[in-house]
file final-v3.cif (mmCIF, C-alpha atoms)
data_work
#
loop_
_atom_site.label_atom_id
_atom_site.label_comp_id
_atom_site.auth_asym_id
_atom_site.auth_seq_id
_atom_site.Cartn_x
_atom_site.Cartn_y
_atom_site.Cartn_z
CA MET A 1366 5.75 7.67 12.45
CA THR A 1367 7.75 9.98 10.20
CA HIS A 1368 10.82 8.81 8.35
CA THR A 1369 13.00 10.33 5.65
CA GLU A 1370 13.44 7.97 2.69
CA ARG A 1371 15.52 9.01 -0.36
CA GLY A 1372 15.04 12.71 0.35
CA ALA A 1373 11.29 12.50 0.92
CA ARG A 1374 9.53 12.78 4.27
CA VAL A 1375 7.36 9.69 4.66
CA ASN A 1376 4.76 9.60 7.42
CA VAL A 1377 2.40 6.69 8.12
CA ARG A 1378 -0.60 7.61 10.26
CA ARG A 1379 -4.04 6.29 11.07
CA ALA A 1380 -6.67 7.10 8.45
CA ASP A 1381 -8.78 9.17 10.81
CA ARG A 1382 -9.05 12.55 9.08
CA PRO A 1383 -11.95 13.81 6.99
CA GLY A 1384 -11.42 12.78 3.37
CA ASP A 1385 -9.07 9.87 4.09
CA LEU A 1386 -11.58 7.12 3.31
CA GLY A 1387 -12.92 8.90 0.23
CA TRP A 1388 -9.35 9.42 -0.98
CA MET A 1389 -8.77 5.67 -0.74
CA VAL A 1390 -11.72 4.92 -3.01
CA MET A 1391 -11.10 7.71 -5.52
CA THR A 1392 -7.38 7.05 -5.83
CA HIS A 1393 -7.84 3.32 -6.32
CA GLY A 1394 -10.36 3.99 -9.08
CA GLU A 1395 -8.16 6.51 -10.87
CA ILE A 1396 -4.87 4.64 -10.61
CA TYR A 1397 -6.19 1.21 -11.60
CA ALA A 1398 -8.11 2.69 -14.56
CA GLU A 1399 -5.00 4.54 -15.74
CA GLN A 1400 -2.44 1.77 -15.20
CA PHE A 1401 -4.44 -1.36 -15.94
CA GLY A 1402 -7.57 -0.20 -17.76
CA TRP A 1403 -9.81 -1.55 -15.00
CA THR A 1404 -13.43 -0.48 -15.02
CA THR A 1405 -15.44 1.23 -12.30
CA GLU A 1406 -16.35 -2.28 -11.12
CA PHE A 1407 -13.03 -2.20 -9.26
CA GLU A 1408 -13.70 1.21 -7.73
CA ALA A 1409 -17.10 -0.11 -6.57
CA LEU A 1410 -15.38 -3.08 -4.88
CA VAL A 1411 -13.00 -0.74 -3.06
CA ALA A 1412 -15.93 1.51 -2.11
CA ARG A 1413 -17.74 -1.48 -0.53
CA ILE A 1414 -14.60 -2.51 1.39
CA VAL A 1415 -14.07 1.02 2.69
CA ALA A 1416 -17.77 1.57 3.46
CA ASP A 1417 -17.94 -1.69 5.43
CA PHE A 1418 -14.87 -0.61 7.39
CA ALA A 1419 -16.26 2.87 8.05
CA ALA A 1420 -19.67 1.61 9.14
CA ASP A 1421 -18.75 -1.31 11.32
CA HIS A 1422 -15.10 -1.72 12.27
CA ASP A 1423 -13.86 -2.69 15.70
CA PRO A 1424 -11.11 -0.15 16.54
CA ALA A 1425 -9.49 -2.61 18.93
CA ARG A 1426 -9.03 -5.20 16.14
CA GLU A 1427 -9.22 -3.29 12.83
CA ALA A 1428 -7.45 -0.21 11.50
CA ALA A 1429 -6.66 1.85 8.42
CA TRP A 1430 -3.54 3.84 7.60
CA ILE A 1431 -2.58 6.62 5.23
CA ALA A 1432 0.97 7.22 4.11
CA GLU A 1433 1.98 10.77 3.33
CA VAL A 1434 5.01 11.84 1.34
CA ASP A 1435 6.06 15.42 2.03
CA GLY A 1436 2.66 16.07 3.62
CA ARG A 1437 0.49 14.70 0.78
CA ARG A 1438 -1.52 11.47 0.82
CA ALA A 1439 0.46 8.88 -1.10
CA GLY A 1440 -0.75 5.44 0.00
CA CYS A 1441 -3.16 3.45 2.12
CA ILE A 1442 -3.91 0.06 3.65
CA LEU A 1443 -6.58 -1.57 5.84
CA LEU A 1444 -6.51 -4.46 8.29
CA VAL A 1445 -9.87 -6.07 9.06
CA SER A 1446 -10.99 -9.22 10.86
CA GLY A 1447 -11.32 -12.29 8.70
CA GLU A 1448 -14.10 -14.86 8.75
CA GLN A 1449 -12.16 -17.21 11.06
CA PRO A 1450 -11.06 -16.34 14.62
CA GLY A 1451 -7.44 -15.25 14.82
CA VAL A 1452 -7.26 -14.41 11.10
CA ALA A 1453 -7.03 -10.86 9.76
CA LYS A 1454 -7.26 -9.58 6.20
CA LEU A 1455 -4.89 -7.05 4.70
CA ARG A 1456 -6.93 -4.95 2.26
CA ILE A 1457 -6.47 -2.27 -0.41
CA LEU A 1458 -2.74 -1.57 -0.29
CA LEU A 1459 -2.03 1.31 -2.66
CA VAL A 1460 0.93 3.57 -3.36
CA THR A 1461 0.61 6.44 -5.82
CA ALA A 1462 3.00 6.54 -8.78
CA ALA A 1463 4.72 9.68 -7.48
CA ALA A 1464 5.45 8.01 -4.13
CA ARG A 1465 6.93 4.78 -5.45
CA GLY A 1466 10.56 4.14 -4.64
CA HIS A 1467 10.32 5.76 -1.21
CA GLY A 1468 9.49 2.62 0.77
CA VAL A 1469 5.86 3.65 1.23
CA GLY A 1470 4.35 0.23 0.46
CA SER A 1471 6.69 -1.54 2.85
CA ARG A 1472 6.02 1.00 5.60
CA LEU A 1473 2.26 0.53 5.20
CA VAL A 1474 2.50 -3.27 5.30
CA GLU A 1475 4.81 -3.04 8.32
CA ALA A 1476 2.32 -0.83 10.21
CA CYS A 1477 -0.46 -3.25 9.33
CA LEU A 1478 1.46 -6.34 10.46
CA ASP A 1479 2.69 -4.68 13.66
CA PHE A 1480 -0.92 -3.89 14.53
CA ALA A 1481 -2.02 -7.46 13.66
CA ARG A 1482 0.64 -8.90 15.98
CA SER A 1483 -0.16 -6.47 18.80
CA THR A 1484 -3.86 -7.35 18.69
CA GLY A 1485 -3.22 -11.10 18.81
CA TYR A 1486 -3.97 -12.21 15.27
CA GLN A 1487 -2.29 -15.50 14.39
CA GLN A 1488 -2.54 -15.18 10.63
CA VAL A 1489 -2.99 -12.50 7.97
CA THR A 1490 -4.40 -13.22 4.53
CA LEU A 1491 -4.82 -11.05 1.48
CA TRP A 1492 -6.33 -11.31 -1.98
CA THR A 1493 -4.66 -9.72 -4.98
CA ASN A 1494 -4.16 -10.28 -8.69
CA ASP A 1495 -1.00 -11.71 -10.22
CA ILE A 1496 -0.37 -8.65 -12.42
CA LEU A 1497 0.29 -6.52 -9.32
CA ALA A 1498 3.96 -7.53 -9.20
CA SER A 1499 5.24 -4.65 -7.05
CA ALA A 1500 2.75 -5.38 -4.27
CA ARG A 1501 3.50 -9.09 -4.52
CA ARG A 1502 7.22 -8.42 -3.98
CA ILE A 1503 6.39 -6.52 -0.78
CA TYR A 1504 4.17 -9.34 0.47
CA GLU A 1505 6.86 -11.93 -0.27
CA ALA A 1506 9.48 -9.82 1.53
CA TYR A 1507 7.33 -9.95 4.68
CA GLY A 1508 6.95 -13.72 4.44
CA PHE A 1509 3.54 -14.10 2.82
CA VAL A 1510 3.14 -17.39 0.94
CA LEU A 1511 0.88 -17.99 -2.06
CA SER A 1512 -1.92 -20.27 -0.84
CA ASP A 1513 -4.41 -20.22 -3.73
CA GLU A 1514 -4.81 -19.02 -7.32
CA GLU A 1515 -7.89 -18.80 -9.51
CA LYS A 1516 -8.62 -17.32 -12.93
CA HIS A 1517 -11.50 -14.86 -13.05
CA HIS A 1518 -12.96 -12.16 -15.26
CA SER A 1519 -13.32 -8.93 -13.32
CA PHE A 1520 -12.85 -5.20 -13.81
CA GLY A 1521 -13.11 -5.70 -17.58
CA HIS A 1522 -10.20 -8.16 -17.85
CA ASP A 1523 -9.21 -11.80 -17.56
CA LEU A 1524 -7.12 -11.99 -14.39
CA VAL A 1525 -5.57 -14.48 -12.00
CA GLY A 1526 -6.65 -13.85 -8.42
CA GLN A 1527 -4.27 -14.91 -5.69
CA THR A 1528 -4.65 -15.50 -1.97
CA TRP A 1529 -1.52 -15.00 0.12
CA THR A 1530 -1.11 -16.02 3.77
CA LEU A 1531 1.29 -15.03 6.54
CA ASP A 1532 1.56 -17.07 9.73
CA LEU A 1533 2.34 -14.57 12.51
CA ARG A 1534 3.28 -17.35 14.91
CA ALA A 1535 6.39 -18.25 12.89
#
call {"tool": "encode", "arguments": {"input": "final-v3.cif", "output": "C-alpha cells"}}
result
Amino acid sequence: MTHTERGARVNVRRADRPGDLGWMVMTHGEIYAEQFGWTTEFEALVARIVADFAADHDPAREAAWIAEVDGRRAGCILLVSGEQPGVAKLRILLVTAAARGHGVGSRLVEACLDFARSTGYQQVTLWTNDILASARRIYEAYGFVLSDEEKHHSFGHDLVGQTWTLDLRA
C-alpha cells in the first residue's frame, strides 16, 4: 500500500524479503543506542522477539510489516498472538529518524490493527517505555489506554515500563 506523504513515497508491505528481519534487529540496536544510550541488552531483546516470530509464527494470525520511504526501509512492526485467546501483541514499532514526519509510524500501526481486526482479535496490547513519547502519541491516537506502569532497570538505564491496551470491540 503506497502513499505519498509530504513529498515522500511511503509504502507499507509485509516483511517477507531477505534481510527484513535482520534489518529490524540491527536498526533497533543502532537507533536506541544512538538516541537513548541503551545497551546491546535491548538489541538482544529485539533479536529474541524477531527470532521467535521467524521460527514459529502462525501466518494466519501473526504478521510483520516494513515501511519504506522512497524505496528504502524506514520502519517496522510486528503483531503476534498474546498469552490469552483473542489478545494480540503489537511489538517493535520503529521509525528511522530520516523517515519521521511522513506518517510512517501511524501507517504501520494502522496496518497492524487492520490485520488484528481481520483475524478476529478482540484486544491488542503492547509494552513500551515512558520515554518513547512519539510512539506513545501514535498509540493514544489509535485509542490505546495505559493499563499498567512499572519502574525497571534495563538496557543500562532506570526506566518506566508501560503496558497499553486497545479494545477492538469498541
call {"tool": "residues_around", "arguments": {"input": "final-v3.cif", "residues": "Ala1439 (chain A)", "least_positions_apart": "4", "cutoff": "10 Å", "atoms": "all atoms listed in the file", "output": "PyMOL selection string"}}
result
chain A and resi 1375-1377+1388-1389+1392+1431-1435+1459-1465+1469-1470
call {"tool": "residues_around", "arguments": {"input": "final-v3.cif", "residues": "region 1489-1494 of chain A", "least_positions_apart": "2", "cutoff": "10 Å", "atoms": "only C-alpha atoms", "output": "PyMOL selection string"}}
result
chain A and resi 1444-1447+1451-1458+1477-1478+1481-1482+1486-1487+1496-1498+1500-1501+1504+1509-1517+1524-1533
call {"tool": "atom_distance", "arguments": {"input": "final-v3.cif", "atom1": "CA of Gly1521 (chain A)", "atom2": "CA of Trp1403 (chain A)"}}
result
5.9 Å
call {"tool": "residues_around", "arguments": {"input": "final-v3.cif", "residues": "region 1385-1387 of chain A", "least_positions_apart": "6", "cutoff": "12 Å", "atoms": "only C-alpha atoms", "output": "MDAnalysis selection string"}}
result
chainID A and resid 1378:1379 1393:1394 1408 1411:1420 1428:1433 1437:1443 1457
call {"tool": "write_last_selection", "arguments": {"input": "final-v3.cif", "atoms": "C-alpha atoms", "output": "compact mmCIF listing (two decimals), keeping the file's coordinate frame"}}
result
# COMPACT_ATOMS: atom_id res chain seq x y z
CA ARG A 1378 -0.60 7.61 10.26
CA ARG A 1379 -4.04 6.29 11.07
CA HIS A 1393 -7.84 3.32 -6.32
CA GLY A 1394 -10.36 3.99 -9.08
CA GLU A 1408 -13.70 1.21 -7.73
CA VAL A 1411 -13.00 -0.74 -3.06
CA ALA A 1412 -15.93 1.51 -2.11
CA ARG A 1413 -17.74 -1.48 -0.53
CA ILE A 1414 -14.60 -2.51 1.39
CA VAL A 1415 -14.07 1.02 2.69
CA ALA A 1416 -17.77 1.57 3.46
CA ASP A 1417 -17.94 -1.69 5.43
CA PHE A 1418 -14.87 -0.61 7.39
CA ALA A 1419 -16.26 2.87 8.05
CA ALA A 1420 -19.67 1.61 9.14
CA ALA A 1428 -7.45 -0.21 11.50
CA ALA A 1429 -6.66 1.85 8.42
CA TRP A 1430 -3.54 3.84 7.60
CA ILE A 1431 -2.58 6.62 5.23
CA ALA A 1432 0.97 7.22 4.11
CA GLU A 1433 1.98 10.77 3.33
CA ARG A 1437 0.49 14.70 0.78
CA ARG A 1438 -1.52 11.47 0.82
CA ALA A 1439 0.46 8.88 -1.10
CA GLY A 1440 -0.75 5.44 0.00
CA CYS A 1441 -3.16 3.45 2.12
CA ILE A 1442 -3.91 0.06 3.65
CA LEU A 1443 -6.58 -1.57 5.84
CA ILE A 1457 -6.47 -2.27 -0.41
call {"tool": "closest_residue", "arguments": {"input": "final-v3.cif", "among": "A:Asp1423, A:Ile1503, A:Arg1374, A:Asp1479", "to": "His1467 (chain A)", "atoms": "only C-alpha atoms"}}
result
A:Arg1374
call {"tool": "atom_distance", "arguments": {"input": "final-v3.cif", "atom1": "CA of Ala1398 (chain A)", "atom2": "CA of Phe1520 (chain A)"}}
result
9.2 Å
call {"tool": "atom_distance", "arguments": {"input": "final-v3.cif", "atom1": "CA of Gln1449 (chain A)", "atom2": "CA of Leu1473 (chain A)"}}
result
23.6 Å
call {"tool": "closest_residue", "arguments": {"input": "final-v3.cif", "among": "A:Gly1384, A:Tyr1507, A:Phe1407, A:Ile1396", "to": "Arg1472 (chain A)", "atoms": "all atoms listed in the file"}}
result
A:Tyr1507
call {"tool": "axis_aligned_box", "arguments": {"input": "final-v3.cif", "around": "region 1428-1444 of chain A", "padding_each_side": "8 Å", "output": "AutoDock Vina command-line options"}}
result
--center_x -0.7 --center_y 5.8 --center_z 5.2 --size_x 29.5 --size_y 36.5 --size_z 28.6
call {"tool": "closest_residue", "arguments": {"input": "final-v3.cif", "among": "A:Asp1421, A:Glu1427, A:Glu1406, A:Glu1395", "to": "Ser1483 (chain A)", "atoms": "all atoms listed in the file"}}
result
A:Glu1427
call {"tool": "build_atoms", "arguments": {"input": "final-v3.cif", "residues": "region 1414-1425 of chain A", "atoms": "all heavy atoms", "output": "PDB file, in the coordinates of the input"}}
result
ATOM      1  N   ILE A1414     -15.561  -2.153   0.342  1.00  0.00           N
ATOM      2  CA  ILE A1414     -14.600  -2.510   1.390  1.00  0.00           C
ATOM      3  C   ILE A1414     -14.442  -1.354   2.375  1.00  0.00           C
ATOM      4  O   ILE A1414     -14.497  -1.536   3.596  1.00  0.00           O
ATOM      5  CB  ILE A1414     -13.246  -2.915   0.780  1.00  0.00           C
ATOM      6  CG1 ILE A1414     -13.384  -4.239   0.018  1.00  0.00           C
ATOM      7  CG2 ILE A1414     -12.161  -2.995   1.847  1.00  0.00           C
ATOM      8  CD1 ILE A1414     -12.199  -4.557  -0.888  1.00  0.00           C
ATOM      9  N   VAL A1415     -14.263  -0.156   1.845  1.00  0.00           N
ATOM     10  CA  VAL A1415     -14.070   1.020   2.690  1.00  0.00           C
ATOM     11  C   VAL A1415     -15.350   1.365   3.445  1.00  0.00           C
ATOM     12  O   VAL A1415     -15.302   1.687   4.639  1.00  0.00           O
ATOM     13  CB  VAL A1415     -13.549   2.216   1.845  1.00  0.00           C
ATOM     14  CG1 VAL A1415     -13.553   3.499   2.659  1.00  0.00           C
ATOM     15  CG2 VAL A1415     -12.151   1.915   1.314  1.00  0.00           C
ATOM     16  N   ALA A1416     -16.496   1.268   2.787  1.00  0.00           N
ATOM     17  CA  ALA A1416     -17.770   1.570   3.460  1.00  0.00           C
ATOM     18  C   ALA A1416     -18.040   0.586   4.595  1.00  0.00           C
ATOM     19  O   ALA A1416     -18.479   0.987   5.676  1.00  0.00           O
ATOM     20  CB  ALA A1416     -18.915   1.547   2.445  1.00  0.00           C
ATOM     21  N   ASP A1417     -17.765  -0.700   4.356  1.00  0.00           N
ATOM     22  CA  ASP A1417     -17.940  -1.690   5.430  1.00  0.00           C
ATOM     23  C   ASP A1417     -17.041  -1.370   6.612  1.00  0.00           C
ATOM     24  O   ASP A1417     -17.453  -1.448   7.768  1.00  0.00           O
ATOM     25  CB  ASP A1417     -17.639  -3.103   4.918  1.00  0.00           C
ATOM     26  CG  ASP A1417     -18.710  -3.636   3.980  1.00  0.00           C
ATOM     27  OD1 ASP A1417     -19.805  -3.035   3.894  1.00  0.00           O
ATOM     28  OD2 ASP A1417     -18.433  -4.666   3.317  1.00  0.00           O
ATOM     29  N   PHE A1418     -15.800  -0.985   6.329  1.00  0.00           N
ATOM     30  CA  PHE A1418     -14.870  -0.610   7.390  1.00  0.00           C
ATOM     31  C   PHE A1418     -15.390   0.605   8.153  1.00  0.00           C
ATOM     32  O   PHE A1418     -15.425   0.613   9.389  1.00  0.00           O
ATOM     33  CB  PHE A1418     -13.481  -0.325   6.804  1.00  0.00           C
ATOM     34  CG  PHE A1418     -12.517   0.212   7.809  1.00  0.00           C
ATOM     35  CD1 PHE A1418     -11.800  -0.651   8.627  1.00  0.00           C
ATOM     36  CD2 PHE A1418     -12.314   1.575   7.948  1.00  0.00           C
ATOM     37  CE1 PHE A1418     -10.913  -0.161   9.576  1.00  0.00           C
ATOM     38  CE2 PHE A1418     -11.424   2.082   8.891  1.00  0.00           C
ATOM     39  CZ  PHE A1418     -10.726   1.205   9.702  1.00  0.00           C
ATOM     40  N   ALA A1419     -15.805   1.629   7.429  1.00  0.00           N
ATOM     41  CA  ALA A1419     -16.260   2.870   8.050  1.00  0.00           C
ATOM     42  C   ALA A1419     -17.503   2.657   8.913  1.00  0.00           C
ATOM     43  O   ALA A1419     -17.631   3.243   9.985  1.00  0.00           O
ATOM     44  CB  ALA A1419     -16.541   3.920   6.976  1.00  0.00           C
ATOM     45  N   ALA A1420     -18.403   1.803   8.455  1.00  0.00           N
ATOM     46  CA  ALA A1420     -19.670   1.610   9.140  1.00  0.00           C
ATOM     47  C   ALA A1420     -19.591   0.686  10.338  1.00  0.00           C
ATOM     48  O   ALA A1420     -20.376   0.828  11.280  1.00  0.00           O
ATOM     49  CB  ALA A1420     -20.709   1.073   8.151  1.00  0.00           C
ATOM     50  N   ASP A1421     -18.648  -0.250  10.318  1.00  0.00           N
ATOM     51  CA  ASP A1421     -18.750  -1.310  11.320  1.00  0.00           C
ATOM     52  C   ASP A1421     -17.413  -1.906  11.710  1.00  0.00           C
ATOM     53  O   ASP A1421     -17.308  -3.108  11.864  1.00  0.00           O
ATOM     54  CB  ASP A1421     -19.674  -2.413  10.762  1.00  0.00           C
ATOM     55  CG  ASP A1421     -20.071  -3.412  11.822  1.00  0.00           C
ATOM     56  OD1 ASP A1421     -20.183  -3.030  12.996  1.00  0.00           O
ATOM     57  OD2 ASP A1421     -20.251  -4.598  11.469  1.00  0.00           O
ATOM     58  N   HIS A1422     -16.375  -1.101  11.864  1.00  0.00           N
ATOM     59  CA  HIS A1422     -15.100  -1.720  12.270  1.00  0.00           C
ATOM     60  C   HIS A1422     -14.925  -1.649  13.784  1.00  0.00           C
ATOM     61  O   HIS A1422     -15.462  -0.777  14.456  1.00  0.00           O
ATOM     62  CB  HIS A1422     -13.911  -1.097  11.539  1.00  0.00           C
ATOM     63  CG  HIS A1422     -13.470   0.224  12.068  1.00  0.00           C
ATOM     64  ND1 HIS A1422     -14.087   1.404  11.734  1.00  0.00           N
ATOM     65  CD2 HIS A1422     -12.454   0.553  12.907  1.00  0.00           C
ATOM     66  CE1 HIS A1422     -13.483   2.397  12.350  1.00  0.00           C
ATOM     67  NE2 HIS A1422     -12.493   1.920  13.067  1.00  0.00           N
ATOM     68  N   ASP A1423     -14.194  -2.606  14.279  1.00  0.00           N
ATOM     69  CA  ASP A1423     -13.860  -2.690  15.700  1.00  0.00           C
ATOM     70  C   ASP A1423     -12.480  -2.050  15.875  1.00  0.00           C
ATOM     71  O   ASP A1423     -11.483  -2.649  15.487  1.00  0.00           O
ATOM     72  CB  ASP A1423     -13.841  -4.158  16.132  1.00  0.00           C
ATOM     73  CG  ASP A1423     -13.380  -4.344  17.572  1.00  0.00           C
ATOM     74  OD1 ASP A1423     -13.014  -3.358  18.247  1.00  0.00           O
ATOM     75  OD2 ASP A1423     -13.378  -5.512  18.021  1.00  0.00           O
ATOM     76  N   PRO A1424     -12.396  -0.852  16.441  1.00  0.00           N
ATOM     77  CA  PRO A1424     -11.110  -0.150  16.540  1.00  0.00           C
ATOM     78  C   PRO A1424     -10.044  -0.906  17.336  1.00  0.00           C
ATOM     79  O   PRO A1424      -8.857  -0.654  17.168  1.00  0.00           O
ATOM     80  CB  PRO A1424     -11.445   1.168  17.225  1.00  0.00           C
ATOM     81  CG  PRO A1424     -12.910   1.277  17.254  1.00  0.00           C
ATOM     82  CD  PRO A1424     -13.492  -0.076  16.994  1.00  0.00           C
ATOM     83  N   ALA A1425     -10.461  -1.830  18.169  1.00  0.00           N
ATOM     84  CA  ALA A1425      -9.490  -2.610  18.930  1.00  0.00           C
ATOM     85  C   ALA A1425      -8.852  -3.707  18.076  1.00  0.00           C
ATOM     86  O   ALA A1425      -7.787  -4.215  18.414  1.00  0.00           O
ATOM     87  CB  ALA A1425     -10.161  -3.235  20.155  1.00  0.00           C
TER      88      ALA A1425
END
